[in-house]
file model_32.tsv (TSV, C-alpha atoms)
chain	number	residue	atom	x	y	z
A	8	MET	CA	123.44	79.79	124.90
A	9	SER	CA	126.15	78.92	127.44
A	10	GLU	CA	124.04	75.91	128.35
A	11	PHE	CA	124.13	74.83	124.70
A	12	LEU	CA	127.91	75.30	124.57
A	13	ALA	CA	128.38	73.32	127.78
A	14	MET	CA	126.69	70.25	126.23
A	15	GLY	CA	125.66	68.98	129.66
A	16	GLY	CA	129.28	68.95	130.79
A	17	TYR	CA	130.50	67.10	127.68
A	18	GLY	CA	131.39	70.23	125.64
A	19	ALA	CA	135.10	69.41	125.83
A	20	TYR	CA	134.41	66.18	123.91
A	21	VAL	CA	131.51	67.13	121.63
A	22	TRP	CA	132.88	70.37	120.16
A	23	PRO	CA	136.35	69.06	119.26
A	24	SER	CA	134.61	66.18	117.43
A	25	TYR	CA	132.56	68.56	115.31
A	26	ALA	CA	135.49	70.94	114.78
A	27	LEU	CA	137.72	68.09	113.61
A	28	ALA	CA	135.02	66.81	111.27
A	29	ALA	CA	134.63	70.31	109.79
A	30	LEU	CA	138.40	70.52	109.34
A	31	VAL	CA	138.73	67.08	107.71
A	32	LEU	CA	135.76	67.59	105.37
A	33	GLY	CA	136.80	71.18	104.58
A	34	LEU	CA	140.39	70.26	103.72
A	35	ASN	CA	139.40	67.27	101.61
A	36	ALA	CA	137.07	69.48	99.60
A	37	TRP	CA	139.41	72.45	99.28
A	38	LEU	CA	142.65	70.63	98.37
A	39	PRO	CA	141.32	68.78	95.26
A	40	TRP	CA	139.49	71.93	94.21
A	41	ARG	CA	142.74	73.95	94.42
A	42	ARG	CA	144.70	71.19	92.66
A	43	HIS	CA	142.18	71.15	89.82
A	44	ARG	CA	142.34	74.94	89.44
A	45	ARG	CA	146.16	74.83	89.36
A	46	LEU	CA	146.17	72.05	86.77
A	47	LEU	CA	143.86	74.06	84.52
A	48	ARG	CA	146.02	77.17	84.98
A	49	ALA	CA	149.13	75.19	84.09
A	50	ARG	CA	147.43	74.00	80.87
A	51	GLN	CA	146.52	77.56	80.00
A	52	ALA	CA	150.05	78.77	80.67
A	53	ARG	CA	151.39	76.02	78.42
A	54	ASN	CA	149.02	77.01	75.63
A	55	GLU	CA	149.93	80.70	75.69
A	56	PRO	CA	153.39	80.89	74.18
B	3	MET	CA	132.74	45.07	78.87
B	4	PHE	CA	129.95	46.66	80.93
B	5	GLY	CA	127.69	47.54	78.04
B	6	PRO	CA	128.12	50.42	75.63
B	7	THR	CA	126.84	53.18	77.95
B	8	LEU	CA	129.12	52.39	80.89
B	9	ASP	CA	132.12	51.72	78.66
B	10	ARG	CA	131.69	55.09	77.02
B	11	LEU	CA	131.32	56.84	80.37
B	12	ALA	CA	134.44	55.14	81.72
B	13	ALA	CA	136.53	56.72	78.97
B	14	PRO	CA	138.28	59.74	80.54
B	15	LYS	CA	137.17	61.82	77.57
B	16	PHE	CA	133.53	61.41	78.60
B	17	PHE	CA	133.99	61.00	82.31
B	18	TYR	CA	135.83	64.29	82.82
B	19	PRO	CA	133.09	66.64	81.58
B	20	PHE	CA	130.36	64.36	83.00
B	21	ALA	CA	131.88	64.59	86.50
B	22	GLY	CA	132.26	68.33	86.06
B	23	ARG	CA	128.55	68.74	85.36
B	24	LEU	CA	127.58	66.55	88.32
B	25	LEU	CA	129.87	68.25	90.85
B	26	PRO	CA	127.97	71.47	91.67
B	27	TRP	CA	124.78	69.49	92.34
B	28	LEU	CA	126.51	66.94	94.57
B	29	GLY	CA	128.44	69.64	96.42
B	30	THR	CA	125.31	71.68	97.13
B	31	LEU	CA	123.35	68.63	98.21
B	32	ALA	CA	126.17	67.45	100.52
B	33	ALA	CA	126.51	70.89	102.15
B	34	ALA	CA	122.74	71.13	102.70
B	35	LEU	CA	122.48	67.64	104.20
B	36	LEU	CA	125.52	68.11	106.46
B	37	LEU	CA	124.43	71.53	107.76
B	38	LEU	CA	120.88	70.34	108.37
B	39	GLY	CA	122.03	67.10	110.00
B	40	ALA	CA	124.62	68.77	112.24
B	41	GLY	CA	122.22	71.54	113.31
B	42	TRP	CA	119.50	68.99	114.04
B	43	GLY	CA	121.88	66.65	115.86
B	44	LEU	CA	123.40	69.39	118.02
B	45	ALA	CA	120.39	71.55	118.80
B	46	LEU	CA	117.10	69.77	118.14
B	47	ALA	CA	117.68	66.11	119.02
B	48	PRO	CA	117.02	65.37	122.71
B	49	ALA	CA	119.81	64.41	125.11
B	50	ASP	CA	120.27	60.68	125.70
B	51	TYR	CA	118.90	59.38	129.00
B	52	GLN	CA	122.10	57.42	129.71
B	53	GLN	CA	124.84	59.30	127.88
B	54	GLY	CA	123.53	62.87	128.16
B	55	ASP	CA	124.83	65.17	125.43
B	56	SER	CA	128.01	63.16	124.80
B	57	TYR	CA	126.11	60.88	122.41
B	58	ARG	CA	125.94	63.79	119.90
B	59	ILE	CA	129.44	62.68	118.85
B	60	MET	CA	127.59	59.77	117.22
B	61	PHE	CA	126.37	62.10	114.43
B	62	ILE	CA	130.01	62.44	113.33
B	63	HIS	CA	131.43	59.11	114.47
B	64	VAL	CA	128.91	56.74	112.83
B	65	PRO	CA	128.86	58.42	109.38
B	66	ALA	CA	132.68	58.64	109.43
B	67	ALA	CA	132.93	54.94	110.32
B	68	TRP	CA	130.43	54.05	107.57
B	69	LEU	CA	132.51	56.00	105.04
B	70	SER	CA	135.79	54.48	106.24
B	71	MET	CA	134.38	51.12	105.11
B	72	LEU	CA	132.40	52.27	102.06
B	73	THR	CA	135.52	54.00	100.71
B	74	TYR	CA	137.43	50.75	101.10
B	75	MET	CA	134.80	48.79	99.19
B	76	VAL	CA	134.72	51.37	96.37
B	77	MET	CA	138.52	51.25	96.26
B	78	ALA	CA	138.55	47.44	96.21
B	79	GLY	CA	135.93	47.51	93.43
B	80	GLY	CA	138.20	49.78	91.40
B	81	ALA	CA	141.18	47.54	92.14
B	82	PHE	CA	139.29	44.46	90.95
B	83	VAL	CA	138.07	46.06	87.72
B	84	PHE	CA	141.58	47.32	87.02
B	85	LEU	CA	143.18	43.92	87.62
B	86	VAL	CA	140.68	42.01	85.49
B	87	TRP	CA	139.87	44.44	82.67
B	88	ARG	CA	142.82	46.87	82.85
B	89	MET	CA	140.47	49.83	82.90
B	90	LYS	CA	142.49	53.02	83.48
B	91	LEU	CA	139.70	54.92	85.21
B	92	ALA	CA	139.27	52.08	87.74
B	93	ASP	CA	142.91	52.40	88.77
B	94	MET	CA	142.54	56.16	89.14
B	95	LEU	CA	139.44	55.52	91.27
B	96	ALA	CA	141.38	53.18	93.56
B	97	LYS	CA	144.20	55.71	93.85
B	98	CYS	CA	141.86	58.59	94.71
B	99	CYS	CA	140.02	56.58	97.37
B	100	ALA	CA	143.04	55.79	99.55
B	101	PRO	CA	143.74	59.25	101.05
B	102	LEU	CA	140.01	59.87	101.53
B	103	GLY	CA	139.62	56.54	103.29
B	104	ALA	CA	142.58	57.30	105.53
B	105	ALA	CA	141.02	60.65	106.47
B	106	PHE	CA	137.62	59.10	107.29
B	107	THR	CA	139.26	56.33	109.30
B	108	ALA	CA	141.36	58.78	111.30
B	109	LEU	CA	138.23	60.87	111.95
B	110	THR	CA	136.42	57.72	113.13
B	111	LEU	CA	139.23	56.75	115.52
B	112	ILE	CA	139.65	60.24	116.99
B	113	THR	CA	135.93	60.94	117.48
B	114	GLY	CA	135.61	57.43	118.95
B	115	SER	CA	138.36	58.32	121.38
B	116	LEU	CA	136.64	61.59	122.29
B	117	TRP	CA	133.43	59.63	122.92
B	118	GLY	CA	135.16	56.78	124.74
B	119	LYS	CA	136.92	58.95	127.30
B	120	PRO	CA	133.77	60.28	129.01
B	121	MET	CA	131.70	57.09	128.50
B	122	TRP	CA	134.18	54.25	129.05
B	123	GLY	CA	136.76	56.19	131.05
B	124	THR	CA	139.52	55.55	128.52
B	125	TRP	CA	140.74	57.08	125.26
B	126	TRP	CA	141.72	53.73	123.83
B	127	ALA	CA	141.38	50.00	124.43
B	128	TRP	CA	142.84	47.10	122.42
B	129	ASP	CA	139.35	45.90	121.71
B	130	ALA	CA	138.39	44.00	118.54
B	131	ARG	CA	136.40	46.87	116.96
B	132	LEU	CA	138.97	49.55	117.75
B	133	THR	CA	141.92	47.40	116.71
B	134	SER	CA	140.40	46.30	113.38
B	135	GLU	CA	139.57	49.94	112.56
B	136	LEU	CA	143.19	50.87	113.36
B	137	VAL	CA	144.31	48.09	111.00
B	138	LEU	CA	142.12	49.75	108.34
B	139	LEU	CA	144.02	53.02	108.82
B	140	PHE	CA	147.34	51.20	108.38
B	141	LEU	CA	145.98	49.49	105.26
B	142	TYR	CA	145.12	52.85	103.69
B	143	LEU	CA	148.51	54.32	104.66
B	144	GLY	CA	150.29	51.20	103.37
B	145	LEU	CA	148.45	51.45	100.04
B	146	ILE	CA	149.43	55.12	99.66
B	147	ALA	CA	153.06	54.30	100.50
B	148	LEU	CA	153.18	51.31	98.15
B	149	ARG	CA	151.86	53.30	95.22
B	150	GLY	CA	154.31	56.09	95.99
B	151	ALA	CA	157.20	53.62	96.05
B	152	ILE	CA	156.69	52.31	92.49
B	153	ASP	CA	157.46	54.71	89.66
B	154	GLU	CA	155.78	52.97	86.74
B	155	PRO	CA	152.00	53.71	87.00
B	156	GLN	CA	150.78	50.36	85.57
B	157	ARG	CA	152.93	48.33	87.97
B	158	ALA	CA	152.07	50.60	90.90
B	159	GLY	CA	148.39	50.15	90.07
B	160	ARG	CA	148.62	46.35	89.91
B	161	ALA	CA	150.62	46.03	93.15
B	162	THR	CA	148.29	48.30	95.13
B	163	ALA	CA	145.23	46.61	93.63
B	164	LEU	CA	146.44	43.23	94.90
B	165	LEU	CA	147.09	44.56	98.41
B	166	ALA	CA	143.74	46.37	98.41
B	167	LEU	CA	141.93	43.14	97.52
B	168	VAL	CA	143.72	41.15	100.23
B	169	GLY	CA	142.74	43.84	102.74
B	170	VAL	CA	139.03	43.41	101.97
B	171	VAL	CA	139.05	40.60	104.54
B	172	ASN	CA	139.31	43.27	107.25
B	173	ILE	CA	135.95	44.86	106.38
B	174	PRO	CA	133.66	42.06	107.64
B	175	ILE	CA	135.99	41.72	110.64
B	176	ILE	CA	135.35	45.38	111.52
B	177	HIS	CA	131.61	45.06	110.97
B	178	PHE	CA	131.06	41.84	112.89
B	179	SER	CA	133.74	42.37	115.56
B	180	VAL	CA	131.10	43.54	118.03
B	181	GLU	CA	129.23	40.25	117.57
B	182	TRP	CA	132.13	37.81	117.30
B	183	TRP	CA	134.09	39.04	120.29
B	184	ASN	CA	133.24	40.43	123.67
B	185	THR	CA	134.06	44.08	123.16
B	186	LEU	CA	133.86	47.39	124.95
B	187	HIS	CA	132.27	48.87	121.84
B	188	GLN	CA	128.49	48.81	121.75
B	189	PRO	CA	126.77	46.46	119.26
B	190	ALA	CA	125.17	47.68	116.04
B	191	SER	CA	122.09	49.85	116.52
B	192	LEU	CA	121.31	50.62	112.86
B	193	THR	CA	121.92	47.41	110.91
B	194	ARG	CA	119.84	45.02	113.02
B	195	MET	CA	117.47	42.35	111.82
B	196	ASP	CA	114.60	43.87	113.81
B	197	GLY	CA	115.20	47.43	112.60
B	198	PRO	CA	117.18	50.34	114.06
B	199	ALA	CA	117.19	50.60	117.86
B	200	ILE	CA	117.29	54.39	117.91
B	201	HIS	CA	114.44	56.78	118.59
B	202	PRO	CA	113.30	58.64	115.43
B	203	ALA	CA	114.24	61.98	117.04
B	204	MET	CA	117.88	60.83	116.99
B	205	LEU	CA	117.65	58.57	113.93
B	206	THR	CA	116.56	61.36	111.56
B	207	PRO	CA	119.65	63.58	112.07
B	208	LEU	CA	121.86	60.47	112.00
B	209	LEU	CA	120.46	59.40	108.62
B	210	LEU	CA	120.83	62.98	107.33
B	211	MET	CA	124.50	62.96	108.35
B	212	ILE	CA	125.11	59.53	106.82
B	213	ALA	CA	123.53	60.72	103.56
B	214	GLY	CA	125.48	64.00	103.73
B	215	PHE	CA	128.83	62.25	104.30
B	216	THR	CA	128.10	59.83	101.45
B	217	VAL	CA	127.20	62.54	98.91
B	218	TYR	CA	130.23	64.53	100.11
B	219	PHE	CA	132.42	61.50	99.44
B	220	ALA	CA	131.01	61.15	95.92
B	221	ALA	CA	131.69	64.84	95.22
B	222	VAL	CA	135.28	64.98	96.48
B	223	LEU	CA	136.05	61.66	94.81
B	224	LEU	CA	134.85	63.01	91.45
B	225	GLN	CA	137.00	66.12	91.85
B	226	ARG	CA	140.06	64.02	92.71
B	227	LEU	CA	139.37	61.85	89.65
B	228	ARG	CA	139.17	64.94	87.45
B	229	CYS	CA	142.62	66.04	88.71
B	230	GLU	CA	144.00	62.55	88.12
B	231	ILE	CA	142.62	62.54	84.57
B	232	LEU	CA	144.14	65.95	83.83
B	233	GLU	CA	147.54	64.72	85.02
B	234	ARG	CA	147.62	61.32	83.37
B	235	GLU	CA	145.96	62.33	80.12
B	236	ARG	CA	147.89	65.57	79.89
B	237	ASP	CA	148.72	65.14	76.19
B	238	ALA	CA	145.62	63.27	75.08
B	239	ARG	CA	144.07	64.65	71.92
B	240	TRP	CA	140.65	65.21	73.51
B	241	LEU	CA	142.15	67.42	76.22
B	242	VAL	CA	144.17	69.42	73.75
B	243	GLU	CA	140.99	69.93	71.73
B	244	LEU	CA	139.22	71.05	74.90
B	245	ASP	CA	141.85	73.76	75.42
B	246	ALA	CA	141.32	75.24	71.97
B	247	PRO	CA	139.01	78.26	72.11

call {"tool": "encode", "arguments": {"input": "model_32.tsv", "output": "structure tokens"}}
result
Amino acid sequence: MSEFLAMGGYGAYVWPSYALAALVLGLNAWLPWRRHRRLLRARQARNEP
Amino acid sequence: MFGPTLDRLAAPKFFYPFAGRLLPWLGTLAAALLLLGAGWGLALAPADYQQGDSYRIMFIHVPAAWLSMLTYMVMAGGAFVFLVWRMKLADMLAKCCAPLGAAFTALTLITGSLWGKPMWGTWWAWDARLTSELVLLFLYLGLIALRGAIDEPQRAGRATALLALVGVVNIPIIHFSVEWWNTLHQPASLTRMDGPAIHPAMLTPLLLMIAGFTVYFAAVLLQRLRCEILERERDARWLVELDAP
């Protein structure tokens, strides 16, 4: 396991790459999803007097 | 203008629910491809005989670079359709692409840096490939800023569409930079006349990641478009009817 994490000595470059990719893809999926939910909620709130 | 089926689909009234039905499928497919590709690339693919395990950054870097350019072409396509036919949805498409493209380009540059340091001994070089990709990032940021600076949506759309179309010239420069100039960056290994120069054990996870990134892009783009439609069409009759129980 520690051998896998070491990535042949390149762990300090490989893992940040994957972590950053996960962060960028995660955020770009979550933010529009949250925005859409909020927009729908705002419509609902407007419709309920 | 594109035949009755496409014209109908391009109307926000039809596009909004259509995108909503497509989204769960695209999202699931993207997640499956990305998890499979990343797991394969990190754990199953063999180490490279020259670059050791550092080459595994490729499974992020190459798909991100591919998307940084694909996003631009989709955006430019939207810009063109909006300029010529004034189609609202095309302008929304162009708008939604810009921040995604900027994110993919930044990811490309940073993972390239993380790969360059151990392999070339430097985080950055003013090399043709690296510089033209940096120009792409500034193009995306410039397009976002330009749209933000103009209040009236139609004018903002036309101005950004023009700039987006001028910027298309940078895409072939990025792609062919490794052939036209003597660069530090390695030449293309996938898009070669004689076929990919990568062993299947590494090519399979790479293609999975490229497919995963592409489907992911389609999914998040659709969701952004849905938000854009909800905002711009806020008072449209079809949306008001959709609210009614």

call {"tool": "interface_residues", "arguments": {"input": "model_32.tsv", "of": "chain B", "to": "chain A", "cutoff": "7 Å", "atoms": "only C-alpha atoms", "output": "PDB file with C-alpha atoms, in the coordinates of the input"}}
result
ATOM      1  CA  GLY B  54     123.530  62.870 128.160  1.00  0.00           C
ATOM      2  CA  ASP B  55     124.830  65.170 125.430  1.00  0.00           C
ATOM      3  CA  SER B  56     128.010  63.160 124.800  1.00  0.00           C
ATOM      4  CA  ARG B  58     125.940  63.790 119.900  1.00  0.00           C
ATOM      5  CA  ILE B  59     129.440  62.680 118.850  1.00  0.00           C
ATOM      6  CA  ILE B  62     130.010  62.440 113.330  1.00  0.00           C
ATOM      7  CA  ALA B 105     141.020  60.650 106.470  1.00  0.00           C
ATOM      8  CA  LEU B 109     138.230  60.870 111.950  1.00  0.00           C
ATOM      9  CA  THR B 113     135.930  60.940 117.480  1.00  0.00           C
ATOM     10  CA  LEU B 116     136.640  61.590 122.290  1.00  0.00           C
ATOM     11  CA  TRP B 117     133.430  59.630 122.920  1.00  0.00           C
ATOM     12  CA  VAL B 222     135.280  64.980  96.480  1.00  0.00           C
ATOM     13  CA  GLN B 225     137.000  66.120  91.850  1.00  0.00           C
ATOM     14  CA  ARG B 226     140.060  64.020  92.710  1.00  0.00           C
ATOM     15  CA  CYS B 229     142.620  66.040  88.710  1.00  0.00           C
TER      16      CYS B 229
END

call {"tool": "closest_residue", "arguments": {"input": "model_32.tsv", "among": "B:Met204, B:Ile152, B:Phe215, B:Ala81", "to": "B:Ala67", "atoms": "all atoms listed in the file"}}
result
B:Phe215

call {"tool": "atom_distance", "arguments": {"input": "model_32.tsv", "atom1": "atom CA of B:Trp42", "atom2": "atom CA of B:Ser191"}}
result
19.5 Å

call {"tool": "residues_around", "arguments": {"input": "model_32.tsv", "residues": "stretch 160-173 of chain B", "least_positions_apart": "3", "cutoff": "9 Å", "atoms": "only C-alpha atoms", "output": "PyMOL selection string"}}
result
chain B and resi 71+74-75+77-82+84-85+93+96-97+134-135+137-138+141-142+144-146+148-149+152+155-157+176-178

call {"tool": "atom_distance", "arguments": {"input": "model_32.tsv", "atom1": "atom CA of B:Thr206", "atom2": "atom CA of B:Gly41"}}
result
11.8 Å

call {"tool": "closest_residue", "arguments": {"input": "model_32.tsv", "among": "B:Leu227, B:His201, B:Leu136, B:Leu102", "to": "A:Leu34", "atoms": "only C-alpha atoms"}}
result
B:Leu102

call {"tool": "atom_distance", "arguments": {"input": "model_32.tsv", "atom1": "atom CA of B:Ala151", "atom2": "atom CA of B:Ala100"}}
result
14.7 Å

call {"tool": "closest_residue", "arguments": {"input": "model_32.tsv", "among": "B:Leu210, B:Ala147, B:Val64, B:Ala203", "to": "B:Leu31", "atoms": "only C-alpha atoms"}}
result
B:Leu210

call {"tool": "axis_aligned_box", "arguments": {"input": "model_32.tsv", "around": "stretch 34-47 of chain A", "padding_each_side": "4 Å", "output": "lines of an AutoDock Vina configuration file"}}
result
center_x = 141.6
center_y = 71.1
center_z = 94.1
size_x = 17.1
size_y = 15.7
size_z = 27.2

call {"tool": "closest_residue", "arguments": {"input": "model_32.tsv", "among": "B:Trp87, B:Trp183, B:Tyr57, B:Phe219", "to": "B:Gly114", "atoms": "all atoms listed in the file"}}
result
B:Tyr57

call {"tool": "residues_around", "arguments": {"input": "model_32.tsv", "residues": "B:Phe17", "least_positions_apart": "5", "cutoff": "12 Å", "atoms": "only C-alpha atoms", "output": "ChimeraX atom specification"}}
result
/B:7-12,22-25,90-92,94-95,224-225,227-232,240

call {"tool": "build_atoms", "arguments": {"input": "model_32.tsv", "residues": "stretch 19-47 of chain A", "atoms": "N, CA and C atoms", "output": "JSON list (two decimals), keeping the file's coordinate frame"}}
result
[["chain", "number", "residue", "atom", "x", "y", "z"],
["A", 19, "ALA", "N", 133.68, 69.61, 126.14],
["A", 19, "ALA", "CA", 135.10, 69.41, 125.83],
["A", 19, "ALA", "C", 135.31, 68.20, 124.92],
["A", 20, "TYR", "N", 134.30, 67.34, 124.79],
["A", 20, "TYR", "CA", 134.41, 66.18, 123.91],
["A", 20, "TYR", "C", 133.59, 66.35, 122.64],
["A", 21, "VAL", "N", 132.41, 66.97, 122.77],
["A", 21, "VAL", "CA", 131.51, 67.13, 121.63],
["A", 21, "VAL", "C", 132.07, 68.14, 120.62],
["A", 22, "TRP", "N", 132.47, 69.33, 121.11],
["A", 22, "TRP", "CA", 132.88, 70.37, 120.16],
["A", 22, "TRP", "C", 134.15, 70.04, 119.39],
["A", 23, "PRO", "N", 135.18, 69.48, 120.05],
["A", 23, "PRO", "CA", 136.35, 69.06, 119.26],
["A", 23, "PRO", "C", 135.99, 68.04, 118.18],
["A", 24, "SER", "N", 135.03, 67.16, 118.45],
["A", 24, "SER", "CA", 134.61, 66.18, 117.43],
["A", 24, "SER", "C", 134.06, 66.88, 116.20],
["A", 25, "TYR", "N", 133.17, 67.84, 116.43],
["A", 25, "TYR", "CA", 132.56, 68.56, 115.31],
["A", 25, "TYR", "C", 133.58, 69.45, 114.60],
["A", 26, "ALA", "N", 134.47, 70.07, 115.39],
["A", 26, "ALA", "CA", 135.49, 70.94, 114.78],
["A", 26, "ALA", "C", 136.42, 70.11, 113.90],
["A", 27, "LEU", "N", 136.82, 68.94, 114.39],
["A", 27, "LEU", "CA", 137.72, 68.09, 113.61],
["A", 27, "LEU", "C", 137.03, 67.61, 112.33],
["A", 28, "ALA", "N", 135.76, 67.25, 112.46],
["A", 28, "ALA", "CA", 135.02, 66.81, 111.27],
["A", 28, "ALA", "C", 134.96, 67.94, 110.24],
["A", 29, "ALA", "N", 134.69, 69.17, 110.71],
["A", 29, "ALA", "CA", 134.63, 70.31, 109.79],
["A", 29, "ALA", "C", 135.98, 70.51, 109.11],
["A", 30, "LEU", "N", 137.05, 70.34, 109.89],
["A", 30, "LEU", "CA", 138.40, 70.52, 109.34],
["A", 30, "LEU", "C", 138.71, 69.45, 108.28],
["A", 31, "VAL", "N", 138.42, 68.19, 108.62],
["A", 31, "VAL", "CA", 138.73, 67.08, 107.71],
["A", 31, "VAL", "C", 137.91, 67.21, 106.42],
["A", 32, "LEU", "N", 136.61, 67.47, 106.56],
["A", 32, "LEU", "CA", 135.76, 67.59, 105.37],
["A", 32, "LEU", "C", 136.15, 68.83, 104.57],
["A", 33, "GLY", "N", 136.44, 69.94, 105.26],
["A", 33, "GLY", "CA", 136.80, 71.18, 104.58],
["A", 33, "GLY", "C", 138.08, 71.01, 103.77],
["A", 34, "LEU", "N", 139.10, 70.44, 104.40],
["A", 34, "LEU", "CA", 140.39, 70.26, 103.72],
["A", 34, "LEU", "C", 140.26, 69.32, 102.52],
["A", 35, "ASN", "N", 139.53, 68.23, 102.70],
["A", 35, "ASN", "CA", 139.40, 67.27, 101.61],
["A", 35, "ASN", "C", 138.54, 67.77, 100.46],
["A", 36, "ALA", "N", 137.80, 68.84, 100.70],
["A", 36, "ALA", "CA", 137.07, 69.48, 99.60],
["A", 36, "ALA", "C", 137.94, 70.55, 98.95],
["A", 37, "TRP", "N", 138.65, 71.31, 99.79],
["A", 37, "TRP", "CA", 139.41, 72.45, 99.28],
["A", 37, "TRP", "C", 140.64, 72.02, 98.49],
["A", 38, "LEU", "N", 141.39, 71.02, 99.02],
["A", 38, "LEU", "CA", 142.65, 70.63, 98.37],
["A", 38, "LEU", "C", 142.45, 70.13, 96.93],
["A", 39, "PRO", "N", 141.53, 69.21, 96.66],
["A", 39, "PRO", "CA", 141.32, 68.78, 95.26],
["A", 39, "PRO", "C", 140.81, 69.92, 94.38],
["A", 40, "TRP", "N", 140.02, 70.80, 94.97],
["A", 40, "TRP", "CA", 139.49, 71.93, 94.21],
["A", 40, "TRP", "C", 140.65, 72.83, 93.78],
["A", 41, "ARG", "N", 141.59, 73.10, 94.72],
["A", 41, "ARG", "CA", 142.74, 73.95, 94.42],
["A", 41, "ARG", "C", 143.65, 73.26, 93.41],
["A", 42, "ARG", "N", 143.82, 71.93, 93.57],
["A", 42, "ARG", "CA", 144.70, 71.19, 92.66],
["A", 42, "ARG", "C", 144.13, 71.25, 91.23],
["A", 43, "HIS", "N", 142.81, 71.10, 91.13],
["A", 43, "HIS", "CA", 142.18, 71.15, 89.82],
["A", 43, "HIS", "C", 142.37, 72.51, 89.17],
["A", 44, "ARG", "N", 142.19, 73.58, 89.95],
["A", 44, "ARG", "CA", 142.34, 74.94, 89.44],
["A", 44, "ARG", "C", 143.77, 75.15, 88.96],
["A", 45, "ARG", "N", 144.75, 74.65, 89.75],
["A", 45, "ARG", "CA", 146.16, 74.83, 89.36],
["A", 45, "ARG", "C", 146.49, 74.06, 88.10],
["A", 46, "LEU", "N", 145.92, 72.85, 87.97],
["A", 46, "LEU", "CA", 146.17, 72.05, 86.77],
["A", 46, "LEU", "C", 145.64, 72.76, 85.53],
["A", 47, "LEU", "N", 144.44, 73.35, 85.66],
["A", 47, "LEU", "CA", 143.86, 74.06, 84.52],
["A", 47, "LEU", "C", 144.70, 75.28, 84.17]]
